[in-house]
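See below for the structure under consideration.
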2 protein chains.
Amino acid sequence: MRLAQALFAPRAVALIGASGDARKNTARPQRFLCKHGYTGRVVPVNATRDEVLGERAYRRLADAPVEIDHAFIMVEDVEPALEDCAAKGVTVATVYSNGFADAGTDGAERQGRLVERAKALGVRLLGPNSMGVVNLPGRFALTVNAVLEADALPAGSTSLVSQSGTMLGTLLSRGAARGLGYAKLVSVGNEADLGVAELVELLVDDADTKVIALFLETVRDAERLARAARKAHAAGKPIVVYKLGRSALGVELARTHTGALAGMDVALDAYFRDCGIVRVDMLETLVEIPPLLAGREPPGLTRPARVAVVTTTGGGAASVVDRLGLHGIALASMDDLTMTATKDSYRATLEQLLRSPDCDAVLAAVGSSAQFHPELAVEPIVQAKRTPKPLAAFLTPHAERSLALLAERGIPAFRTPEACADAFAAFFAWRSPREKTGTDPIIPPIEKIGSVPVFALLGALGIPVVEQAIAQAPDFAHSVPYPVALKRLDVEHKTEVGGVVLNIQNGTDLAAHAARMRQSKLLVQRMEHGLAEAIVGYRDDPVVGPLVLVGAGGTLAELYQDFAVQLAPVSEAEALALLEGVKGLAMVRGYRNLPRGDVAALARAVSALSRLALVSEVREAEINPLIVKAQGVVAVDARLVLK
Amino acid sequence: MRLAQALFAPRAVALIGASGDARKNTARPQRFLCKHGYTGRVVPVNATRDEVLGERAYRRLADAPVEIDHAFIMVEDVEPALEDCAAKGVTVATVYSNGFADAGTDGAERQGRLVERAKALGVRLLGPNSMGVVNLPGRFALTVNAVLEADALPAGSTSLVSQSGTMLGTLLSRGAARGLGYAKLVSVGNEADLGVAELVELLVDDADTKVIALFLETVRDAERLARAARKAHAAGKPIVVYKLGRSALGVELARTHTGALAGMDVALDAYFRDCGIVRVDMLETLVEIPPLLAGREPPGLTRPARVAVVTTTGGGAASVVDRLGLHGIALASMDDLTMTATKDSYRATLEQLLRSPDCDAVLAAVGSSAQFHPELAVEPIVQAKRTPKPLAAFLTPHAERSLALLAERGIPAFRTPEACADAFAAFFAWRSPREKTGTDPIIPPIEKIGSVPVFALLGALGIPVVEQAIAQAPDFAHSVPYPVALKRLDVEHKTEVGGVVLNIQNGTDLAAHAARMRQSKLLVQRMEHGLAEAIVGYRDDPVVGPLVLVGAGGTLAELYQDFAVQLAPVSEAEALALLEGVKGLAMVRGYRNLPRGDVAALARAVSALSRLALVSEVREAEINPLIVKAQGVVAVDARLVLK
């Protein structure tokens, strides 16, 4: 049968290792299936019992008298259970059991063998270490997550894929408290077989799903997720992600917690942006943002966004506006209605702003009435005639009933000023997935690492390289015009070992310096002067793949973390846009009365280096510095790392 | 009678302009006093009624048959009401009526007259534009804020002073929803008479108050608040502030909303730090942090703080840890207990960490059990034997009952990972109020503005100044050794008008350049070269008073906002610590193999310039650049603005 149906709406489900003790975690799936009204057949499998929690149980899966679409494996001996599933013709097995990639090298090997066997047997796997699957509109709750103890969880049109099983419960619980429901929820565990990307593909085809939310600790298959994201975009289904690893500490924790490679956070930012995936910064935003995204397209503004605020609570509105300002969002207007405003005048103000060309979104900041008179407080908001422009609400008091009333009507409503501003910032930063262009570069074969081959490669990419030559003992003759720089060829951090001498004026001085360096071969380069220095880098990131980086030169990129990153390759126009993100390059973009540098040539070089993405042998390449002149750029030092 | 008693616990209160229509805002104070059990006498004053909401009313305050300690004025004609209050011997009048400094210049003038009259009459004023005063333990709710519609608001030991009346309701409501109560709450309105600082003084003396929370849009009397904060520190009562104006947009809004001067946000950061006031970044942290501060001293760590995390929910804990990392806090250890951990082993783990020297705080991250079994979930936390080290909790699901149980036991508990990390960051950044030192500088009289007097002033402060002389037409003779720089004296942005020529090698060249500049007098300076440039500035900020600033030189301070600010004056040791906050100066602090600059001399110059705080005539002074050499520093350009 079809994977999606077996996963989310099986006709019958087997619970392998179901406990007869209702207090145990392994009894939960059966209790929850029953509690939430699953209409299919539940088949407990228990090695020692014929009855589990009032249901006929079987000693072995083979004994089950019906076809099983989905099995939930809770026993330690996962491998024989998998064989039983295959024998029974099970389509998908969700493995709750852990002790696989979550448990060191031995576990990872065990997981490898399990997946291989599952593939051979034709059984799809969710997990191991998965907390299960929930389909709220379909009344199917196959999970050990305690959140399903709650009654009447609201169904909604957001589906969640989570790499953390417990966060699935957290998000469901927090949504439910304010009337924000979910459609499907999946805990992917170790993603041994079914991964985030494939689940996104399934959800794109899911009629109940309008928005796809992801809670991620890492990205395990960036290419497939990128394709799935483009498919979701084409289907008009926004994807929003909360990803751990904003800080170095978080990156390290994700690595130890999931055993996965952890990428640079800025690389992930670039990756999500490239795929058209909205990234939020705060956990609660992941719960609150879906109604802001549902049914909408990326706004694609080319100027700062403007939000109009309507409020009866100046202080409350100011707390959001202050935060919007931190995200670079402007205030289009502030209608500070007094407490005596009627609901009609309130609604009229909202409607006028929703029609106005002067703002990109409208925010209603509601005060204490949201707590004590929820129906009245939200009435002007829910009744305002909608336009495609977003209308959202921030409620200053504790006001769950108002939040739920707004959720019911699909109006994004926020509990904190920070999550509200985070959501608007993420919404306005949202872009359509990038169309990748780029023809094959003509690149010579790369044979060895060192200063000279990297320059040959740069030359082949069309990046201007400093005039240079290899000078050899004993006389170190060369044809490069003076003044020149002399550099050692055998070390990487040349400056730190006295391996660079700049501004040598003549052959006599050169010979003297060369003798002191005690090398038989040295690199001689023409001295170049420019208006600024830049770093241009390329890296095949282990998580998100080829990246291009451009930063301010010298020590600025490092001291100030002043660089911009984009998935490679990039066009010249894209490179030019990327440069705008580097503050240190402001000095050559036209700053006060300083002379302008050739940013077009810089962009050409960035685009050229980014085309290394089309050459599989290169792991890293860096031009540092690339000298930016009034006319043109020139690479004076570079390094290359092959795979 | 005593102000505090009249304000928070009057024997009788008059409601001037009390409405007989229970639905009106002006009927609220009477309804709320009654609803929350006020035991004193309530005297409605209404020009047309003898009875208001069942209470005997009076046409004029003079008719009231009892002594009135506190009057609440809701009528438009505030001035005659004030006269009546004085005649009746009222101690304090809270003015809800607006149309004063909140309403433009005319309103501000009206406010000025009102305050002057109140002073003459001996009546203290709260407001105008105040939403009132609440004393929860004292069962006194004199306010129009709708939050008092709630039943059984919990009393606590945090008192709040708010410049936004509506936010008073917001904070009270949000606290109540999780069992975090308040003692006193005051809406200060326009602070025409009673301001934030004086209220803090009153709260320091208030036996019910352990922590003082401030919601601020501006600071109107920085000096008095600084004194009050030192008094609070001496009394062991922490002060925590949430202040709007993090963004330029927020600053502008605060200015238009309150009519107050708005200071630079970094200046306010410096001010609060100087006073020992804890500043939080997120609104909800203001509600959640008090139990973390209550009864504690500033931790005063001189290394990054380390937090130990105990959890049964890896993903939930990771979301906090990631955020802690962004604040520079380290993870001491992570005890990822499985769901099968007993409450005894959980408690034992907490207790062991609370006693361990390896961490500075302990955080319990609790999963779904907090929602479904609150008593069990919080049991190991509330039962753990406390030490002075903070123990806090983050609850991943929606779990208000658990939050309340923790609040009851005084354990800080957080609803979001972001507010949790914000609170820890604010706690660890908390410092005792700074002791101000600094003797009078010997400074000559400052007579006029220009390049040369400012150098004389710098010299008098002991800051090394470049060797220089004024050269006059026709021959521009001078005694400064070549090479020199030539600068115009008559313009401020010299470089932008071609008013600077550097590196002149001899008198002939100098004469030629001087002729081209067409000036009769020019400044000749010896050329100075150093390892780095710094900006050192002094400013008498309109909000927080004298400040000293040090930043990276050139365009770095502006491009990267790379500067550090402290209240002036500062000692050399304080200046040295301040320099650590400037990233661009890393290059001279010992970066890779770059030569070190004389940071001690730089610190001496910063300390010296900061002593301008003791000279009242200076508004601003800036040395830009101050050249930092391997030995010593030298000021080569500077400007001065007098008051």
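Convention: chains lettered A, B, ... in structure tokens order; per-chain residue numbering from 1; ligands numbered from 1 as shown.
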I'd like a table as a Markdown table: residues in chain B with an atom no more than 8 Å from chain A, each row giving the shortest atom pair and its distance in Å to one decimal, only C-alpha atoms counted, sorted by chain and rising residue number.
```
| residue | atom | partner | partner_atom | distance |
| --- | --- | --- | --- | --- |
| B:Ala146 | CA | A:Ser368 | CA | 6.0 |
| B:Val147 | CA | A:Ser368 | CA | 6.3 |
| B:Glu149 | CA | A:Phe372 | CA | 7.4 |
| B:Ser164 | CA | A:Gly315 | CA | 5.4 |
| B:Gly165 | CA | A:Gly315 | CA | 7.7 |
| B:Thr166 | CA | A:Thr313 | CA | 6.0 |
| B:Met167 | CA | A:Gly315 | CA | 6.1 |
| B:Gly169 | CA | A:Ser368 | CA | 7.0 |
| B:Thr170 | CA | A:Pro397 | CA | 4.4 |
| B:Leu171 | CA | A:Pro397 | CA | 7.3 |
| B:Ser173 | CA | A:His398 | CA | 5.7 |
| B:Arg174 | CA | A:His398 | CA | 5.0 |
| B:Ala177 | CA | A:His398 | CA | 6.8 |
| B:Leu244 | CA | A:Ser319 | CA | 6.4 |
| B:Gly245 | CA | A:Asp322 | CA | 6.1 |
| B:Arg246 | CA | A:Asp322 | CA | 6.3 |
| B:Ser247 | CA | A:Leu326 | CA | 5.1 |
| B:Ala248 | CA | A:Gly325 | CA | 6.7 |
| B:Leu249 | CA | A:Gly325 | CA | 5.1 |
| B:Gly250 | CA | A:Asp322 | CA | 3.9 |
| B:Val251 | CA | A:Asp322 | CA | 7.6 |
| B:Leu253 | CA | A:Ala318 | CA | 7.0 |
| B:Ala254 | CA | A:Ala318 | CA | 7.7 |
| B:His257 | CA | A:Gly314 | CA | 7.8 |
| B:Met282 | CA | A:Glu418 | CA | 7.0 |
| B:Leu283 | CA | A:Pro417 | CA | 7.4 |
| B:Glu284 | CA | A:Thr416 | CA | 7.4 |
| B:Thr313 | CA | A:Thr166 | CA | 6.0 |
| B:Gly314 | CA | A:Ser164 | CA | 7.6 |
| B:Gly315 | CA | A:Ser164 | CA | 5.4 |
| B:Gly316 | CA | A:Met167 | CA | 6.4 |
| B:Ala318 | CA | A:Gly250 | CA | 6.8 |
| B:Ser319 | CA | A:Leu244 | CA | 6.4 |
| B:Val321 | CA | A:Gly250 | CA | 6.3 |
| B:Asp322 | CA | A:Gly250 | CA | 3.9 |
| B:Arg323 | CA | A:Ser247 | CA | 6.9 |
| B:Gly325 | CA | A:Leu249 | CA | 5.1 |
| B:Leu326 | CA | A:Ser247 | CA | 5.1 |
| B:Ala330 | CA | A:Leu249 | CA | 7.4 |
| B:Leu331 | CA | A:Leu249 | CA | 7.7 |
| B:Gly367 | CA | A:Thr166 | CA | 7.1 |
| B:Ser368 | CA | A:Ala146 | CA | 6.0 |
| B:Ser369 | CA | A:Ala146 | CA | 7.4 |
| B:Phe372 | CA | A:Glu149 | CA | 7.4 |
| B:Thr396 | CA | A:Thr170 | CA | 5.6 |
| B:Pro397 | CA | A:Thr170 | CA | 4.4 |
| B:His398 | CA | A:Arg174 | CA | 5.0 |
| B:Thr416 | CA | A:Glu284 | CA | 7.4 |
| B:Pro417 | CA | A:Leu283 | CA | 7.4 |
| B:Glu418 | CA | A:Met282 | CA | 7.0 |
| B:Glu496 | CA | A:Asn593 | CA | 6.5 |
| B:Leu559 | CA | A:Lys583 | CA | 6.4 |
| B:Tyr560 | CA | A:Lys583 | CA | 7.2 |
| B:Lys583 | CA | A:Leu559 | CA | 6.4 |
| B:Gly584 | CA | A:Leu559 | CA | 7.0 |
| B:Ala586 | CA | A:Leu559 | CA | 7.9 |
| B:Asn593 | CA | A:Glu496 | CA | 6.4 |
```
Close residues, region 508-522 of chain A itself excluded, 10 Å, only C-alpha atoms, min 3 positions apart in chain, as a PyMOL selection string = chain A and resi 469-477+482-490+498-501+503-505+525
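Going from CA of Gln30 (chain A) to CA of Arg56 (chain A) covers 11.9 Å.
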message = Quick one: residues within 8 Å of Ala14 (chain B), only C-alpha atoms, excluding same-chain residues fewer than 6 positions away - as a PyMOL selection string?
response = chain B and resi 42-45+61+68+70-72
Near-Asn129 (chain A) list (10 Å; only C-alpha atoms; drop same-chain fewer than 4 positions) as an NGL selection string = :A and (74 or 94-102 or 163-165 or 187-192)
Selected residues written out with all heavy atoms, as a short mmCIF file (atom, residue, chain, number, x, y, z; two decimals), in the first residue's frame:
```cif
data_model
loop_
_atom_site.label_atom_id
_atom_site.label_comp_id
_atom_site.auth_asym_id
_atom_site.auth_seq_id
_atom_site.Cartn_x
_atom_site.Cartn_y
_atom_site.Cartn_z
N MET A 74 8.51 -1.59 19.91
CA MET A 74 8.96 -1.07 21.21
C MET A 74 9.89 -2.05 21.93
O MET A 74 10.30 -1.79 23.05
CB MET A 74 7.75 -0.76 22.09
CG MET A 74 6.85 0.33 21.52
SD MET A 74 5.33 0.56 22.49
CE MET A 74 4.28 -0.70 21.76
N THR A 94 7.54 1.80 12.54
CA THR A 94 8.09 2.90 13.33
C THR A 94 8.82 2.28 14.52
O THR A 94 8.22 1.49 15.27
CB THR A 94 6.98 3.83 13.80
OG1 THR A 94 6.41 4.46 12.64
CG2 THR A 94 7.51 4.91 14.75
N VAL A 95 10.10 2.62 14.67
CA VAL A 95 10.90 2.01 15.72
C VAL A 95 11.12 3.00 16.86
O VAL A 95 11.82 4.01 16.70
CB VAL A 95 12.26 1.51 15.16
CG1 VAL A 95 13.06 0.83 16.26
CG2 VAL A 95 12.04 0.57 13.98
N TYR A 96 10.47 2.73 17.98
CA TYR A 96 10.63 3.57 19.17
C TYR A 96 11.92 3.21 19.89
O TYR A 96 12.60 4.05 20.47
CB TYR A 96 9.42 3.35 20.08
CG TYR A 96 9.56 3.93 21.47
CD1 TYR A 96 9.84 5.28 21.66
CD2 TYR A 96 9.40 3.11 22.60
CE1 TYR A 96 9.96 5.81 22.94
CE2 TYR A 96 9.52 3.64 23.88
CZ TYR A 96 9.81 4.98 24.06
OH TYR A 96 9.92 5.50 25.32
N SER A 97 12.28 1.93 19.82
CA SER A 97 13.48 1.44 20.52
C SER A 97 14.69 2.29 20.15
O SER A 97 14.82 2.73 19.02
CB SER A 97 13.74 -0.01 20.12
OG SER A 97 12.52 -0.72 20.03
N ASN A 98 15.58 2.48 21.13
CA ASN A 98 16.79 3.23 20.83
C ASN A 98 18.02 2.34 20.99
O ASN A 98 17.89 1.12 21.03
CB ASN A 98 16.87 4.50 21.68
CG ASN A 98 16.80 4.20 23.16
OD1 ASN A 98 16.90 3.05 23.59
ND2 ASN A 98 16.61 5.23 23.96
N GLY A 99 19.20 2.94 21.01
CA GLY A 99 20.42 2.14 21.08
C GLY A 99 21.04 1.97 19.70
O GLY A 99 21.80 1.04 19.46
N PHE A 100 20.70 2.87 18.80
CA PHE A 100 21.26 2.82 17.44
C PHE A 100 22.23 4.01 17.26
O PHE A 100 23.10 4.20 18.10
CB PHE A 100 20.11 2.79 16.42
CG PHE A 100 19.33 1.51 16.48
CD1 PHE A 100 18.26 1.35 17.36
CD2 PHE A 100 19.70 0.43 15.68
CE1 PHE A 100 17.57 0.15 17.45
CE2 PHE A 100 19.01 -0.78 15.76
CZ PHE A 100 17.95 -0.92 16.64
N ALA A 101 22.04 4.82 16.21
CA ALA A 101 22.99 5.92 15.99
C ALA A 101 23.01 6.89 17.18
O ALA A 101 23.93 7.67 17.34
CB ALA A 101 22.66 6.66 14.71
N ASP A 102 21.97 6.84 18.02
CA ASP A 102 21.91 7.67 19.21
C ASP A 102 22.85 7.15 20.30
O ASP A 102 22.99 7.79 21.34
CB ASP A 102 20.48 7.70 19.75
CG ASP A 102 19.89 6.31 19.88
OD1 ASP A 102 19.62 5.68 18.83
OD2 ASP A 102 19.74 5.82 21.01
N GLN A 163 12.86 16.47 14.76
CA GLN A 163 13.99 15.59 15.09
C GLN A 163 14.06 15.34 16.59
O GLN A 163 14.83 14.51 17.03
CB GLN A 163 15.30 16.20 14.58
CG GLN A 163 15.43 16.05 13.06
CD GLN A 163 16.67 16.70 12.50
OE1 GLN A 163 17.26 17.56 13.13
NE2 GLN A 163 17.06 16.31 11.30
N SER A 164 13.28 16.08 17.37
CA SER A 164 13.20 15.82 18.80
C SER A 164 11.80 15.29 19.10
O SER A 164 10.81 15.97 18.82
CB SER A 164 13.45 17.09 19.59
OG SER A 164 12.92 16.96 20.90
N GLY A 165 11.74 14.11 19.66
CA GLY A 165 10.43 13.52 19.97
C GLY A 165 9.71 14.31 21.02
O GLY A 165 8.50 14.53 20.94
N SER A 187 7.70 12.29 14.57
CA SER A 187 9.01 12.30 15.23
C SER A 187 9.92 11.39 14.41
O SER A 187 9.69 10.20 14.32
CB SER A 187 8.83 11.76 16.66
OG SER A 187 10.06 11.31 17.18
N VAL A 188 10.94 11.97 13.79
CA VAL A 188 11.75 11.18 12.84
C VAL A 188 12.87 10.39 13.50
O VAL A 188 13.51 9.56 12.84
CB VAL A 188 12.36 12.05 11.72
CG1 VAL A 188 11.26 12.62 10.84
CG2 VAL A 188 13.24 13.14 12.30
N GLY A 189 13.14 10.64 14.77
CA GLY A 189 14.21 9.90 15.44
C GLY A 189 15.52 10.01 14.69
O GLY A 189 15.90 11.11 14.27
N ASN A 190 16.19 8.87 14.50
CA ASN A 190 17.53 8.90 13.88
C ASN A 190 17.50 9.03 12.36
O ASN A 190 18.56 9.06 11.75
CB ASN A 190 18.30 7.63 14.25
CG ASN A 190 18.54 7.49 15.73
OD1 ASN A 190 18.21 8.39 16.51
ND2 ASN A 190 19.11 6.37 16.14
N GLU A 191 16.32 9.03 11.77
CA GLU A 191 16.21 9.16 10.30
C GLU A 191 17.02 8.12 9.55
O GLU A 191 17.64 8.43 8.53
CB GLU A 191 16.66 10.55 9.83
CG GLU A 191 15.85 11.68 10.37
CD GLU A 191 16.31 13.03 9.78
OE1 GLU A 191 15.90 13.36 8.65
OE2 GLU A 191 17.09 13.73 10.44
N ALA A 192 17.01 6.90 10.04
CA ALA A 192 17.81 5.85 9.39
C ALA A 192 17.32 5.62 7.97
O ALA A 192 18.11 5.38 7.06
CB ALA A 192 17.73 4.57 10.20
#
```
request  = If you run DSSP over the backbone, which residues in region 153-264 of chain B end up alpha helix (DSSP H)? Put them as an NGL selection string.
outcome  = :B and (165-176 or 196-204 or 222-234 or 248-258)
inquiry  = List as JSON, numbers by chain the protein and nucleic acid residues near Arg113 (chain A), meaning an atom at most 12 Å away when only C-alpha atoms are counted, but skip any in the same chain fewer than 5 places from it.
reply    = {"A": [78, 79, 82, 100, 101, 106, 107, 108, 118, 119, 120, 192, 193]}
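As for CA of Ala155 (chain B) and CA of Pro390 (chain B), they are spaced 22.7 Å apart.
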message = Need the shell around Ala630 (chain A): protein/DNA/RNA residues with any atom at most 8 Å away, counting only C-alpha atoms. Skip same-chain ones fewer than 2 positions apart. Format as a ChimeraX atom specification?
response = /A:530-531,595-598,628,632
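Every protein, DNA or RNA residue with an atom at most 7 Å from Tyr538 (chain B), where only C-alpha atoms count and chain neighbours fewer than 6 positions away do not, is listed here: Leu547, Val548, Leu549, Leu609, Ser610, Glu620, Ala621 and Glu622 of chain B.
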Could those residues be written to a file, using N, CA, C and O atoms, as a PDB file, in the first residue's frame?
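Below is the file that was written, selection.pdb:
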```pdb
ATOM      1  N   LEU B 547      29.296  60.598  30.349  1.00  0.00           N
ATOM      2  CA  LEU B 547      29.659  59.297  29.817  1.00  0.00           C
ATOM      3  C   LEU B 547      31.045  59.372  29.231  1.00  0.00           C
ATOM      4  O   LEU B 547      31.430  60.408  28.692  1.00  0.00           O
ATOM      5  N   VAL B 548      31.772  58.269  29.225  1.00  0.00           N
ATOM      6  CA  VAL B 548      32.995  58.199  28.445  1.00  0.00           C
ATOM      7  C   VAL B 548      32.844  57.033  27.471  1.00  0.00           C
ATOM      8  O   VAL B 548      32.194  56.031  27.780  1.00  0.00           O
ATOM      9  N   LEU B 549      33.381  57.238  26.275  1.00  0.00           N
ATOM     10  CA  LEU B 549      33.240  56.253  25.207  1.00  0.00           C
ATOM     11  C   LEU B 549      34.613  55.963  24.641  1.00  0.00           C
ATOM     12  O   LEU B 549      35.431  56.870  24.483  1.00  0.00           O
ATOM     13  N   LEU B 609      40.257  61.710  30.169  1.00  0.00           N
ATOM     14  CA  LEU B 609      39.182  62.443  29.489  1.00  0.00           C
ATOM     15  C   LEU B 609      37.876  62.329  30.282  1.00  0.00           C
ATOM     16  O   LEU B 609      37.080  63.268  30.335  1.00  0.00           O
ATOM     17  N   SER B 610      37.686  61.165  30.910  1.00  0.00           N
ATOM     18  CA  SER B 610      36.443  60.958  31.659  1.00  0.00           C
ATOM     19  C   SER B 610      36.330  61.920  32.838  1.00  0.00           C
ATOM     20  O   SER B 610      35.238  62.168  33.342  1.00  0.00           O
ATOM     21  N   GLU B 620      30.518  68.069  25.178  1.00  0.00           N
ATOM     22  CA  GLU B 620      31.111  66.950  24.440  1.00  0.00           C
ATOM     23  C   GLU B 620      32.576  67.214  24.173  1.00  0.00           C
ATOM     24  O   GLU B 620      32.969  68.358  23.930  1.00  0.00           O
ATOM     25  N   ALA B 621      33.366  66.155  24.177  1.00  0.00           N
ATOM     26  CA  ALA B 621      34.760  66.247  23.757  1.00  0.00           C
ATOM     27  C   ALA B 621      35.099  64.932  23.090  1.00  0.00           C
ATOM     28  O   ALA B 621      34.609  63.879  23.505  1.00  0.00           O
ATOM     29  N   GLU B 622      35.890  65.004  22.032  1.00  0.00           N
ATOM     30  CA  GLU B 622      36.222  63.774  21.328  1.00  0.00           C
ATOM     31  C   GLU B 622      37.635  63.848  20.780  1.00  0.00           C
ATOM     32  O   GLU B 622      37.990  64.820  20.126  1.00  0.00           O
TER      33      GLU B 622
END
```
ask   = Where does DSSP see strand (DSSP E) in region 533-627 of chain B, if you list the residues as a PyMOL selection string?
value = chain B and resi 533-541+545-552+563-567+618-627
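Among the candidates A:Asp221, A:Asp205, A:Glu580, A:Asp360, the one nearest to Pro542 (chain A) when counting only C-alpha atoms is A:Asp221.
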